[in-house]
>>> print(open('start_24.cif').read())   # mmCIF, C-alpha atoms
data_final
loop_
_atom_site.group_PDB
_atom_site.id
_atom_site.type_symbol
_atom_site.label_atom_id
_atom_site.label_comp_id
_atom_site.auth_asym_id
_atom_site.auth_seq_id
_atom_site.Cartn_x
_atom_site.Cartn_y
_atom_site.Cartn_z
ATOM 1 C CA MET L 1242 0.000 0.000 0.000
ATOM 2 C CA ILE L 1243 1.343 3.389 -0.973
ATOM 3 C CA SER L 1244 1.310 6.078 1.723
ATOM 4 C CA VAL L 1245 1.654 9.798 1.276
ATOM 5 C CA GLY L 1246 2.703 11.747 4.272
ATOM 6 C CA SER L 1247 0.980 10.495 7.427
ATOM 7 C CA GLY L 1248 -2.121 9.033 5.678
ATOM 8 C CA SER L 1249 -2.849 6.620 2.893
ATOM 9 C CA PHE L 1250 -5.062 7.158 -0.158
ATOM 10 C CA TRP L 1251 -7.598 4.780 1.338
ATOM 11 C CA GLN L 1252 -7.875 6.822 4.517
ATOM 12 C CA GLN L 1253 -8.289 10.050 2.570
ATOM 13 C CA ASP L 1254 -11.038 8.417 0.527
ATOM 14 C CA GLN L 1255 -12.850 7.327 3.678
ATOM 15 C CA ASN L 1256 -12.595 10.795 5.131
ATOM 16 C CA PHE L 1257 -14.038 12.358 1.937
ATOM 17 C CA TRP L 1258 -17.076 10.063 1.925
ATOM 18 C CA ALA L 1259 -17.674 10.697 5.640
ATOM 19 C CA ARG L 1260 -17.723 14.467 5.083
ATOM 20 C CA SER L 1261 -20.039 14.038 2.072
ATOM 21 C CA GLN L 1262 -22.472 12.025 4.174
ATOM 22 C CA GLN L 1263 -22.505 14.725 6.889
ATOM 23 C CA ILE L 1264 -23.212 17.446 4.326
ATOM 24 C CA THR L 1265 -26.042 15.388 2.812
ATOM 25 C CA GLN L 1266 -27.637 14.882 6.243
ATOM 26 C CA ALA L 1267 -27.421 18.619 6.992
ATOM 27 C CA GLN L 1268 -29.089 19.488 3.681
ATOM 28 C CA THR L 1269 -31.846 16.936 4.361
ATOM 29 C CA LEU L 1270 -32.539 18.491 7.770
ATOM 30 C CA SER L 1271 -32.649 21.993 6.225
ATOM 31 C CA ALA L 1272 -35.091 20.851 3.545
ATOM 32 C CA THR L 1273 -37.304 19.287 6.232
ATOM 33 C CA VAL L 1274 -37.369 22.531 8.258
ATOM 34 C CA ILE L 1275 -38.189 24.588 5.143
ATOM 35 C CA ASP L 1276 -41.044 22.219 4.250
ATOM 36 C CA GLN L 1277 -42.466 22.506 7.765
ATOM 37 C CA MET L 1278 -42.254 26.323 7.691
ATOM 38 C CA PHE L 1279 -43.946 26.460 4.276
ATOM 39 C CA GLY L 1280 -46.723 24.176 5.537
ATOM 40 C CA ALA L 1281 -47.322 26.391 8.576
ATOM 41 C CA SER L 1282 -47.398 29.483 6.361
ATOM 42 C CA SER L 1283 -49.907 27.854 4.010
ATOM 43 C CA THR L 1284 -52.100 26.852 6.956
ATOM 44 C CA LEU L 1285 -52.023 30.435 8.299
ATOM 45 C CA THR L 1286 -52.888 31.890 4.888
ATOM 46 C CA THR L 1287 -55.755 29.441 4.466
ATOM 47 C CA GLY L 1288 -57.123 30.300 7.908
ATOM 48 C CA LEU L 1289 -56.967 34.045 7.313
ATOM 49 C CA ALA L 1290 -58.607 33.606 3.940
ATOM 50 C CA SER L 1291 -61.439 31.647 5.551
ATOM 51 C CA ILE L 1292 -62.009 34.374 8.156
ATOM 52 C CA ALA L 1293 -61.996 37.124 5.515
ATOM 53 C CA ASN L 1294 -64.322 35.142 3.295
ATOM 54 C CA GLN L 1295 -66.782 34.637 6.162
ATOM 55 C CA THR L 1296 -66.665 38.352 6.994
ATOM 56 C CA ALA L 1297 -67.472 39.223 3.394
ATOM 57 C CA LEU L 1298 -70.345 36.748 3.353
ATOM 58 C CA ASP L 1299 -71.766 38.194 6.588
ATOM 59 C CA ARG L 1300 -71.667 41.727 5.142
ATOM 60 C CA VAL L 1301 -73.426 40.605 1.955
ATOM 61 C CA ASN L 1302 -76.094 38.708 3.890
ATOM 62 C CA THR L 1303 -76.777 41.719 6.134
ATOM 63 C CA ALA L 1304 -77.101 44.088 3.184
ATOM 64 C CA LEU L 1305 -79.246 41.565 1.303
ATOM 65 C CA SER L 1306 -81.633 41.175 4.252
ATOM 66 C CA ALA L 1307 -82.016 44.951 4.528
ATOM 67 C CA ALA L 1308 -82.647 45.184 0.784
ATOM 68 C CA VAL L 1309 -85.365 42.531 0.920
ATOM 69 C CA GLN L 1310 -87.070 44.283 3.833
ATOM 70 C CA GLY L 1311 -86.957 47.572 1.929
ATOM 71 C CA ALA L 1312 -88.406 45.976 -1.192
ATOM 72 C CA LEU L 1313 -91.230 44.297 0.742
ATOM 73 C CA ASN L 1314 -92.137 47.382 2.800
ATOM 74 C CA PRO L 1315 -91.599 50.453 0.563
ATOM 75 C CA ALA L 1316 -94.456 52.428 2.164
ATOM 76 C CA SER L 1317 -93.042 52.266 5.674
ATOM 77 C CA THR L 1318 -89.625 53.260 4.403
ATOM 78 C CA GLY L 1319 -91.079 56.208 2.477
ATOM 79 C CA SER L 1320 -93.089 57.388 5.500
ATOM 80 C CA THR L 1321 -90.035 57.081 7.704
ATOM 81 C CA ALA L 1322 -87.990 59.193 5.285
ATOM 82 C CA SER L 1323 -90.855 61.718 5.045
ATOM 83 C CA SER L 1324 -91.229 62.016 8.821
ATOM 84 C CA SER L 1325 -87.489 62.331 9.203
ATOM 85 C CA THR L 1326 -87.423 65.108 6.591
ATOM 86 C CA SER L 1327 -90.313 66.995 8.199
ATOM 87 C CA SER L 1328 -88.820 66.715 11.682
ATOM 88 C CA THR L 1329 -85.493 67.956 10.368
ATOM 89 C CA ALA L 1330 -87.190 70.914 8.654
ATOM 90 C CA SER L 1331 -89.173 71.837 11.772
ATOM 91 C CA SER L 1332 -86.059 71.542 13.924
ATOM 92 C CA ALA L 1333 -84.123 73.801 11.554
ATOM 93 C CA SER L 1334 -86.987 76.316 11.550
ATOM 94 C CA SER L 1335 -87.176 76.438 15.342
ATOM 95 C CA SER L 1336 -83.399 76.726 15.614
ATOM 96 C CA SER L 1337 -83.401 79.603 13.117
ATOM 97 C CA SER L 1338 -86.157 81.476 14.958
ATOM 98 C CA ALA L 1339 -84.455 80.924 18.310
ATOM 99 C CA ALA L 1340 -81.072 82.159 17.055
ATOM 100 C CA ALA L 1341 -79.919 85.237 18.923
ATOM 101 C CA ALA L 1342 -79.053 88.452 17.148
ATOM 102 C CA PRO L 1343 -75.341 88.751 16.347
ATOM 103 C CA VAL L 1344 -73.202 90.664 18.827
ATOM 104 C CA VAL L 1345 -71.787 93.878 17.342
ATOM 105 C CA ALA L 1346 -68.579 95.468 18.665
ATOM 106 C CA ALA L 1347 -69.222 98.696 20.591
ATOM 107 C CA PRO L 1348 -67.173 101.154 22.695
ATOM 108 C CA ALA L 1349 -67.112 100.966 26.485
ATOM 109 C CA LYS L 1350 -69.994 102.968 27.957
ATOM 110 C CA GLY L 1351 -70.757 103.927 31.550
ATOM 111 C CA THR L 1352 -73.950 105.575 32.792
ATOM 112 C CA GLY L 1353 -74.443 107.271 36.158
ATOM 113 C CA THR L 1354 -77.503 106.639 38.286
ATOM 114 C CA VAL L 1355 -78.153 110.210 39.546
ATOM 115 C CA PRO L 1356 -80.451 112.490 37.452
ATOM 116 C CA LEU L 1357 -78.671 115.750 36.608
ATOM 117 C CA THR L 1358 -78.884 118.849 34.453
ATOM 118 C CA SER L 1359 -76.066 120.828 32.895
ATOM 119 C CA GLY L 1360 -76.788 123.644 35.379
ATOM 120 C CA THR L 1361 -76.703 121.444 38.478
ATOM 121 C CA SER L 1362 -74.206 122.854 40.981
ATOM 122 C CA LEU L 1363 -71.417 120.500 41.936
ATOM 123 C CA LEU L 1364 -71.390 122.086 45.378
ATOM 124 C CA GLY L 1365 -75.047 121.188 45.694
ATOM 125 C CA LEU L 1366 -74.143 117.572 44.922
ATOM 126 C CA GLY L 1367 -71.655 117.572 47.800
ATOM 127 C CA PHE L 1368 -68.497 118.522 45.886
ATOM 128 C CA LEU L 1369 -66.139 120.521 48.066
ATOM 129 C CA THR L 1370 -63.627 122.951 46.595
ATOM 130 C CA ARG L 1371 -60.836 121.002 44.859
ATOM 131 C CA GLY L 1372 -62.877 117.826 45.104
ATOM 132 C CA SER L 1373 -61.828 115.495 42.264
ATOM 133 C CA PHE L 1374 -63.518 113.376 39.620
ATOM 134 C CA THR L 1375 -61.323 111.193 37.379
ATOM 135 C CA VAL L 1376 -62.002 109.373 34.120
ATOM 136 C CA SER L 1377 -59.414 106.950 32.648
ATOM 137 C CA ASP L 1378 -59.223 105.073 29.337
ATOM 138 C CA GLY L 1379 -56.482 102.716 30.530
ATOM 139 C CA THR L 1380 -53.682 104.891 29.134
ATOM 140 C CA PHE L 1381 -54.634 108.524 29.744
ATOM 141 C CA SER L 1382 -56.668 110.155 32.519
ATOM 142 C CA THR L 1383 -58.734 113.310 32.932
ATOM 143 C CA THR L 1384 -59.014 114.618 36.494
ATOM 144 C CA TYR L 1385 -61.422 117.471 37.174
ATOM 145 C CA GLN L 1386 -61.208 119.502 40.395
ATOM 146 C CA SER L 1387 -64.204 121.515 41.543
ATOM 147 C CA THR L 1388 -63.833 125.266 42.039
ATOM 148 C CA GLY L 1389 -66.738 125.510 44.446
ATOM 149 C CA SER L 1390 -68.903 127.495 42.005
ATOM 150 C CA ASP L 1391 -68.955 125.243 38.939
ATOM 151 C CA THR L 1392 -71.685 123.051 37.485
ATOM 152 C CA VAL L 1393 -72.157 119.678 35.854
ATOM 153 C CA GLY L 1394 -71.892 121.439 32.483
ATOM 154 C CA ASP L 1395 -68.389 122.669 33.409
ATOM 155 C CA LEU L 1396 -67.388 119.116 34.315
ATOM 156 C CA ILE L 1397 -68.669 117.758 30.980
ATOM 157 C CA SER L 1398 -66.852 120.502 29.047
ATOM 158 C CA ALA L 1399 -63.573 119.650 30.771
ATOM 159 C CA ILE L 1400 -63.944 115.942 29.944
ATOM 160 C CA ASN L 1401 -64.730 116.736 26.279
ATOM 161 C CA SER L 1402 -62.008 119.375 25.879
ATOM 162 C CA GLY L 1403 -59.636 116.973 24.107
ATOM 163 C CA ALA L 1404 -56.606 118.494 25.845
ATOM 164 C CA PRO L 1405 -53.317 116.627 25.372
ATOM 165 C CA GLY L 1406 -52.961 113.789 27.854
ATOM 166 C CA ASN L 1407 -56.679 113.626 28.592
ATOM 167 C CA ALA L 1408 -58.600 110.368 28.459
ATOM 168 C CA GLN L 1409 -59.982 109.528 25.017
ATOM 169 C CA VAL L 1410 -63.620 109.670 26.112
ATOM 170 C CA ARG L 1411 -66.768 111.726 25.578
ATOM 171 C CA ALA L 1412 -69.396 112.740 28.163
ATOM 172 C CA TRP L 1413 -73.005 113.953 27.910
ATOM 173 C CA LEU L 1414 -76.376 113.771 29.680
ATOM 174 C CA ASN L 1415 -78.902 111.298 28.304
ATOM 175 C CA GLY L 1416 -82.663 111.809 28.131
ATOM 176 C CA SER L 1417 -83.062 110.851 31.798
ATOM 177 C CA GLY L 1418 -80.414 113.313 32.910
ATOM 178 C CA ASN L 1419 -77.841 110.634 33.740
ATOM 179 C CA LEU L 1420 -74.178 111.353 33.034
ATOM 180 C CA VAL L 1421 -72.932 109.082 30.223
ATOM 181 C CA ILE L 1422 -69.213 108.525 29.578
ATOM 182 C CA THR L 1423 -68.085 106.483 26.571
ATOM 183 C CA SER L 1424 -64.772 105.613 24.940
ATOM 184 C CA LEU L 1425 -63.853 107.125 21.570
ATOM 185 C CA ASN L 1426 -62.789 103.695 20.271
ATOM 186 C CA LYS L 1427 -63.922 100.086 20.561
ATOM 187 C CA PHE L 1428 -60.895 98.823 22.455
ATOM 188 C CA ASN L 1429 -60.316 100.830 25.653
ATOM 189 C CA THR L 1430 -61.881 100.111 29.034
ATOM 190 C CA VAL L 1431 -63.264 103.195 30.807
ATOM 191 C CA THR L 1432 -62.802 103.621 34.579
ATOM 192 C CA VAL L 1433 -64.415 106.301 36.766
ATOM 193 C CA SER L 1434 -63.003 107.209 40.180
ATOM 194 C CA GLY L 1435 -62.453 110.177 42.508
ATOM 195 C CA ASP L 1436 -63.612 111.516 45.852
ATOM 196 C CA TYR L 1437 -67.065 112.468 44.580
ATOM 197 C CA ALA L 1438 -67.742 109.920 41.850
ATOM 198 C CA ALA L 1439 -70.704 108.639 43.872
ATOM 199 C CA ALA L 1440 -72.305 112.093 43.777
ATOM 200 C CA LEU L 1441 -72.606 111.695 39.990
ATOM 201 C CA GLY L 1442 -73.990 108.146 40.183
ATOM 202 C CA PHE L 1443 -70.783 106.138 39.898
ATOM 203 C CA GLY L 1444 -69.344 103.834 42.537
ATOM 204 C CA ASN L 1445 -67.727 100.491 43.308
ATOM 205 C CA THR L 1446 -70.224 98.432 41.295
ATOM 206 C CA ASN L 1447 -70.594 101.072 38.583
ATOM 207 C CA ALA L 1448 -67.045 102.250 37.978
ATOM 208 C CA THR L 1449 -65.426 100.043 35.284
ATOM 209 C CA PHE L 1450 -66.871 99.610 31.802
ATOM 210 C CA ALA L 1451 -65.467 97.252 29.159
ATOM 211 C CA PRO L 1452 -66.079 97.452 25.398
ATOM 212 C CA VAL L 1453 -68.527 95.067 23.757
ATOM 213 C CA THR L 1454 -66.539 92.415 21.883
ATOM 214 C CA PRO L 1455 -68.251 89.886 19.582
ATOM 215 C CA PRO L 1456 -67.271 86.236 20.038
ATOM 216 C CA PRO L 1457 -64.636 84.845 17.679
ATOM 217 C CA VAL L 1458 -65.944 83.557 14.374
ATOM 218 C CA SER L 1459 -65.674 79.786 14.080
ATOM 219 C CA HIS L 1460 -65.019 78.592 10.547
ATOM 220 C CA PRO L 1461 -66.558 75.252 9.567
ATOM 221 C CA VAL L 1462 -64.143 72.450 8.787
ATOM 222 C CA VAL L 1463 -64.464 71.425 5.143
ATOM 223 C CA SER L 1464 -63.614 67.779 4.645
ATOM 224 C CA SER L 1465 -61.757 66.796 1.524
ATOM 225 C CA SER L 1466 -63.913 65.121 -1.088
ATOM 226 C CA PRO L 1467 -63.075 61.500 -1.949
ATOM 227 C CA SER L 1468 -61.226 60.910 -5.187
ATOM 228 C CA GLY L 1469 -61.452 58.417 -7.992
ATOM 229 C CA SER L 1470 -64.002 55.628 -7.918
ATOM 230 C CA ASN L 1471 -64.902 56.276 -4.285
ATOM 231 C CA ALA L 1472 -66.037 59.819 -5.189
ATOM 232 C CA GLY L 1473 -68.149 58.436 -7.992
ATOM 233 C CA SER L 1474 -69.710 55.784 -5.776
ATOM 234 C CA SER L 1475 -70.367 58.395 -3.049
ATOM 235 C CA ALA L 1476 -72.077 60.719 -5.512
ATOM 236 C CA THR L 1477 -74.024 57.817 -7.003
ATOM 237 C CA GLY L 1478 -74.975 56.616 -3.537
ATOM 238 C CA GLY L 1479 -76.238 60.113 -2.609
ATOM 239 C CA SER L 1480 -78.385 60.417 -5.745
ATOM 240 C CA SER L 1481 -79.623 56.837 -5.360
ATOM 241 C CA SER L 1482 -80.604 57.527 -1.747
ATOM 242 C CA LYS L 1483 -82.484 60.652 -2.780
ATOM 243 C CA SER L 1484 -84.309 58.915 -5.634
ATOM 244 C CA ALA L 1485 -85.053 55.923 -3.390
ATOM 245 C CA ALA L 1486 -86.570 58.149 -0.694
ATOM 246 C CA THR L 1487 -88.632 59.973 -3.344
ATOM 247 C CA SER L 1488 -89.937 56.835 -4.991
ATOM 248 C CA GLY L 1489 -90.616 55.008 -1.731
ATOM 249 C CA PHE L 1490 -87.838 52.444 -2.066
ATOM 250 C CA ALA L 1491 -85.674 51.748 0.928
ATOM 251 C CA ASN L 1492 -82.323 53.430 1.158
ATOM 252 C CA ASN L 1493 -80.646 50.131 2.002
ATOM 253 C CA SER L 1494 -80.150 48.502 -1.387
ATOM 254 C CA ALA L 1495 -83.751 47.724 -2.428
ATOM 255 C CA LEU L 1496 -83.140 49.444 -5.778
ATOM 256 C CA ALA L 1497 -79.870 47.561 -6.230
ATOM 257 C CA LEU L 1498 -81.713 44.345 -5.463
ATOM 258 C CA GLN L 1499 -84.330 45.025 -8.146
ATOM 259 C CA THR L 1500 -81.814 46.010 -10.780
ATOM 260 C CA GLY L 1501 -79.816 42.799 -10.343
ATOM 261 C CA GLY L 1502 -76.673 44.476 -8.985
ATOM 262 C CA THR L 1503 -73.701 42.478 -7.801
ATOM 263 C CA ALA L 1504 -72.878 41.834 -4.147
ATOM 264 C CA GLU L 1505 -70.257 44.594 -4.236
ATOM 265 C CA LEU L 1506 -72.776 47.121 -5.605
ATOM 266 C CA LEU L 1507 -75.270 45.954 -2.991
ATOM 267 C CA LEU L 1508 -72.793 46.725 -0.226
ATOM 268 C CA ALA L 1509 -71.920 50.105 -1.747
ATOM 269 C CA SER L 1510 -75.560 51.155 -2.061
ATOM 270 C CA SER L 1511 -76.198 50.254 1.589
ATOM 271 C CA GLY L 1512 -73.334 52.483 2.727
ATOM 272 C CA SER L 1513 -70.886 49.722 3.642
ATOM 273 C CA ALA L 1514 -67.305 50.866 3.306
ATOM 274 C CA GLY L 1515 -64.610 48.853 1.622
ATOM 275 C CA SER L 1516 -64.708 46.353 -1.191
ATOM 276 C CA LEU L 1517 -65.938 42.780 -1.282
ATOM 277 C CA LEU L 1518 -63.277 40.216 -0.413
ATOM 278 C CA ASN L 1519 -63.250 37.381 -2.910
ATOM 279 C CA ILE L 1520 -60.743 35.152 -1.157
ATOM 280 C CA LEU L 1521 -61.098 31.389 -1.416
ATOM 281 C CA ALA L 1522 -59.963 29.290 1.526
#
>>> encode(input="start_24.cif", output="structure tokens")
Amino acid sequence: MISVGSGSFWQQDQNFWARSQQITQAQTLSATVIDQMFGASSTLTTGLASIANQTALDRVNTALSAAVQGALNPASTGSTASSSTSSTASSASSSSSAAAAPVVAAPAKGTGTVPLTSGTSLLGLGFLTRGSFTVSDGTFSTTYQSTGSDTVGDLISAINSGAPGNAQVRAWLNGSGNLVITSLNKFNTVTVSGDYAAALGFGNTNATFAPVTPPPVSHPVVSSSPSGSNAGSSATGGSSSKSAATSGFANNSALALQTGGTAELLLASSGSAGSLLNILA
């Protein structure tokens, strides 16, 4: 026997076939694992397909039952739609009549509670000499001090003088003789104070007057319209519903039932979202 190195040709041949057998066994095991994984995947797919198929069948059966009921009882469906329409119209009418008038922005306005005339003596109202009456617009102030011989008309003239630094307000006597003080814009808050503010009908609960501010305008949210075939089916569904309500047919697929529509069209006409799943288990 011829030997090469430390091993013979026979030994090398035995070693080669042993390694080949090990490789073959490993490949067989891998193939077995792959087959098992593929079988599990197929079983899972079949199960999911069965569930989806049953769901689709349930949806079709529900829509079909509603369509049959609508076809058998068109009068009740029409009366229901009519009563619903009339109740909606009456509700809208009552809501419209009960709607409050819109709030319009207006300047701050304060009115005294003591009846006066332009010739009323401030001293007669209790004003002492150098007694003060102050009007503020939040930024500027007008302070009037009595001279002891002045009148309500003098006080009003001083408030309306428009002197630099004076409050941006206007004063006058209304038809009842009450002193009215209002802001010259729609933003400032008017405040009345002073030692003798009460003598003119102003006090703690009648001293600060805010402008009238309308509530913020809320803009309706406009939803984006569906695109493609969904938009077409939505528009078709809306017109079909309207024509069905007018003709007395039910809104839930009675018309589709009579026209021999498919199961998918039956679902669409009844308002069911999505498409029919045609998956075989």
>>> resolve_selection(input="start_24.cif", expression="the PyMOL selection byres ((chain L and resi 1348) around 6)", output="CSV table (one decimal) with C-alpha atoms, in the frame of the given file")
chain,number,residue,atom,x,y,z
L,1347,ALA,CA,-69.2,98.7,20.6
L,1349,ALA,CA,-67.1,101.0,26.5
L,1424,SER,CA,-64.8,105.6,24.9
L,1426,ASN,CA,-62.8,103.7,20.3
L,1427,LYS,CA,-63.9,100.1,20.6
L,1452,PRO,CA,-66.1,97.5,25.4
>>> resolve_selection(input="start_24.cif", expression="the PyMOL selection byres ((chain L and resi 1363-1366) around 10)", output="PDB file with C-alpha atoms, keeping the file's coordinate frame")
ATOM      1  CA  VAL L1355     -78.153 110.210  39.546  1.00  0.00           C
ATOM      2  CA  LEU L1357     -78.671 115.750  36.608  1.00  0.00           C
ATOM      3  CA  GLY L1360     -76.788 123.644  35.379  1.00  0.00           C
ATOM      4  CA  THR L1361     -76.703 121.444  38.478  1.00  0.00           C
ATOM      5  CA  SER L1362     -74.206 122.854  40.981  1.00  0.00           C
ATOM      6  CA  GLY L1367     -71.655 117.572  47.800  1.00  0.00           C
ATOM      7  CA  PHE L1368     -68.497 118.522  45.886  1.00  0.00           C
ATOM      8  CA  LEU L1369     -66.139 120.521  48.066  1.00  0.00           C
ATOM      9  CA  THR L1370     -63.627 122.951  46.595  1.00  0.00           C
ATOM     10  CA  GLY L1372     -62.877 117.826  45.104  1.00  0.00           C
ATOM     11  CA  SER L1387     -64.204 121.515  41.543  1.00  0.00           C
ATOM     12  CA  THR L1388     -63.833 125.266  42.039  1.00  0.00           C
ATOM     13  CA  GLY L1389     -66.738 125.510  44.446  1.00  0.00           C
ATOM     14  CA  SER L1390     -68.903 127.495  42.005  1.00  0.00           C
ATOM     15  CA  ASP L1391     -68.955 125.243  38.939  1.00  0.00           C
ATOM     16  CA  THR L1392     -71.685 123.051  37.485  1.00  0.00           C
ATOM     17  CA  VAL L1393     -72.157 119.678  35.854  1.00  0.00           C
ATOM     18  CA  GLY L1394     -71.892 121.439  32.483  1.00  0.00           C
ATOM     19  CA  ASP L1395     -68.389 122.669  33.409  1.00  0.00           C
ATOM     20  CA  LEU L1396     -67.388 119.116  34.315  1.00  0.00           C
ATOM     21  CA  TYR L1437     -67.065 112.468  44.580  1.00  0.00           C
ATOM     22  CA  ALA L1439     -70.704 108.639  43.872  1.00  0.00           C
ATOM     23  CA  ALA L1440     -72.305 112.093  43.777  1.00  0.00           C
ATOM     24  CA  LEU L1441     -72.606 111.695  39.990  1.00  0.00           C
TER      25      LEU L1441
END
>>> atom_distance(input="start_24.cif", atom1="atom CA of Ser1417 of chain L", atom2="atom CA of Asn1447 of chain L")
17.2 Å
>>> atom_distance(input="start_24.cif", atom1="atom CA of Val1433 of chain L", atom2="atom CA of Pro1456 of chain L")
26.3 Å
>>> atom_distance(input="start_24.cif", atom1="atom CA of Gly1435 of chain L", atom2="atom CA of Ala1408 of chain L")
14.6 Å
>>> residues_around(input="start_24.cif", residues="segment 1373-1382 of chain L", least_positions_apart="3", cutoff="6 Å", atoms="only C-alpha atoms", output="ChimeraX atom specification")
/L:1385-1386,1406-1408,1429-1436,1438
>>> closest_residue(input="start_24.cif", among="L:Asn1401, L:Ala1259, L:Gly1353, L:Gly1416", to="Phe1443 of chain L", atoms="only C-alpha atoms")
L:Gly1353
>>> residues_around(input="start_24.cif", residues="Leu1425 of chain L", least_positions_apart="2", cutoff="7 Å", atoms="only C-alpha atoms", output="list in words")
Pro1348, Gln1409, Val1410, Arg1411 and Thr1423 of chain L
>>> write_last_selection(input="start_24.cif", atoms="C-alpha atoms", output="short mmCIF file (atom, residue, chain, number, x, y, z; two decimals), in the frame of the given file")
data_model
loop_
_atom_site.label_atom_id
_atom_site.label_comp_id
_atom_site.auth_asym_id
_atom_site.auth_seq_id
_atom_site.Cartn_x
_atom_site.Cartn_y
_atom_site.Cartn_z
CA PRO L 1348 -67.17 101.15 22.70
CA GLN L 1409 -59.98 109.53 25.02
CA VAL L 1410 -63.62 109.67 26.11
CA ARG L 1411 -66.77 111.73 25.58
CA THR L 1423 -68.08 106.48 26.57
#
>>> closest_residue(input="start_24.cif", among="L:Thr1265, L:Phe1279, L:Pro1405, L:Thr1449", to="Thr1352 of chain L", atoms="all atoms listed in the file")
L:Thr1449
>>> residues_near_point(input="start_24.cif", point="(-72.0, 92.4, 17.6)", cutoff="10 Å", atoms="all atoms listed in the file", output="list in words")
Ala1342, Pro1343, Val1344, Val1345, Ala1346, Ala1347, Val1453, Thr1454, Pro1455 and Pro1456 of chain L
>>> closest_residue(input="start_24.cif", among="L:Thr1296, L:Thr1269, L:Ser1359, L:Gln1277", to="Gly1418 of chain L", atoms="only C-alpha atoms")
L:Ser1359
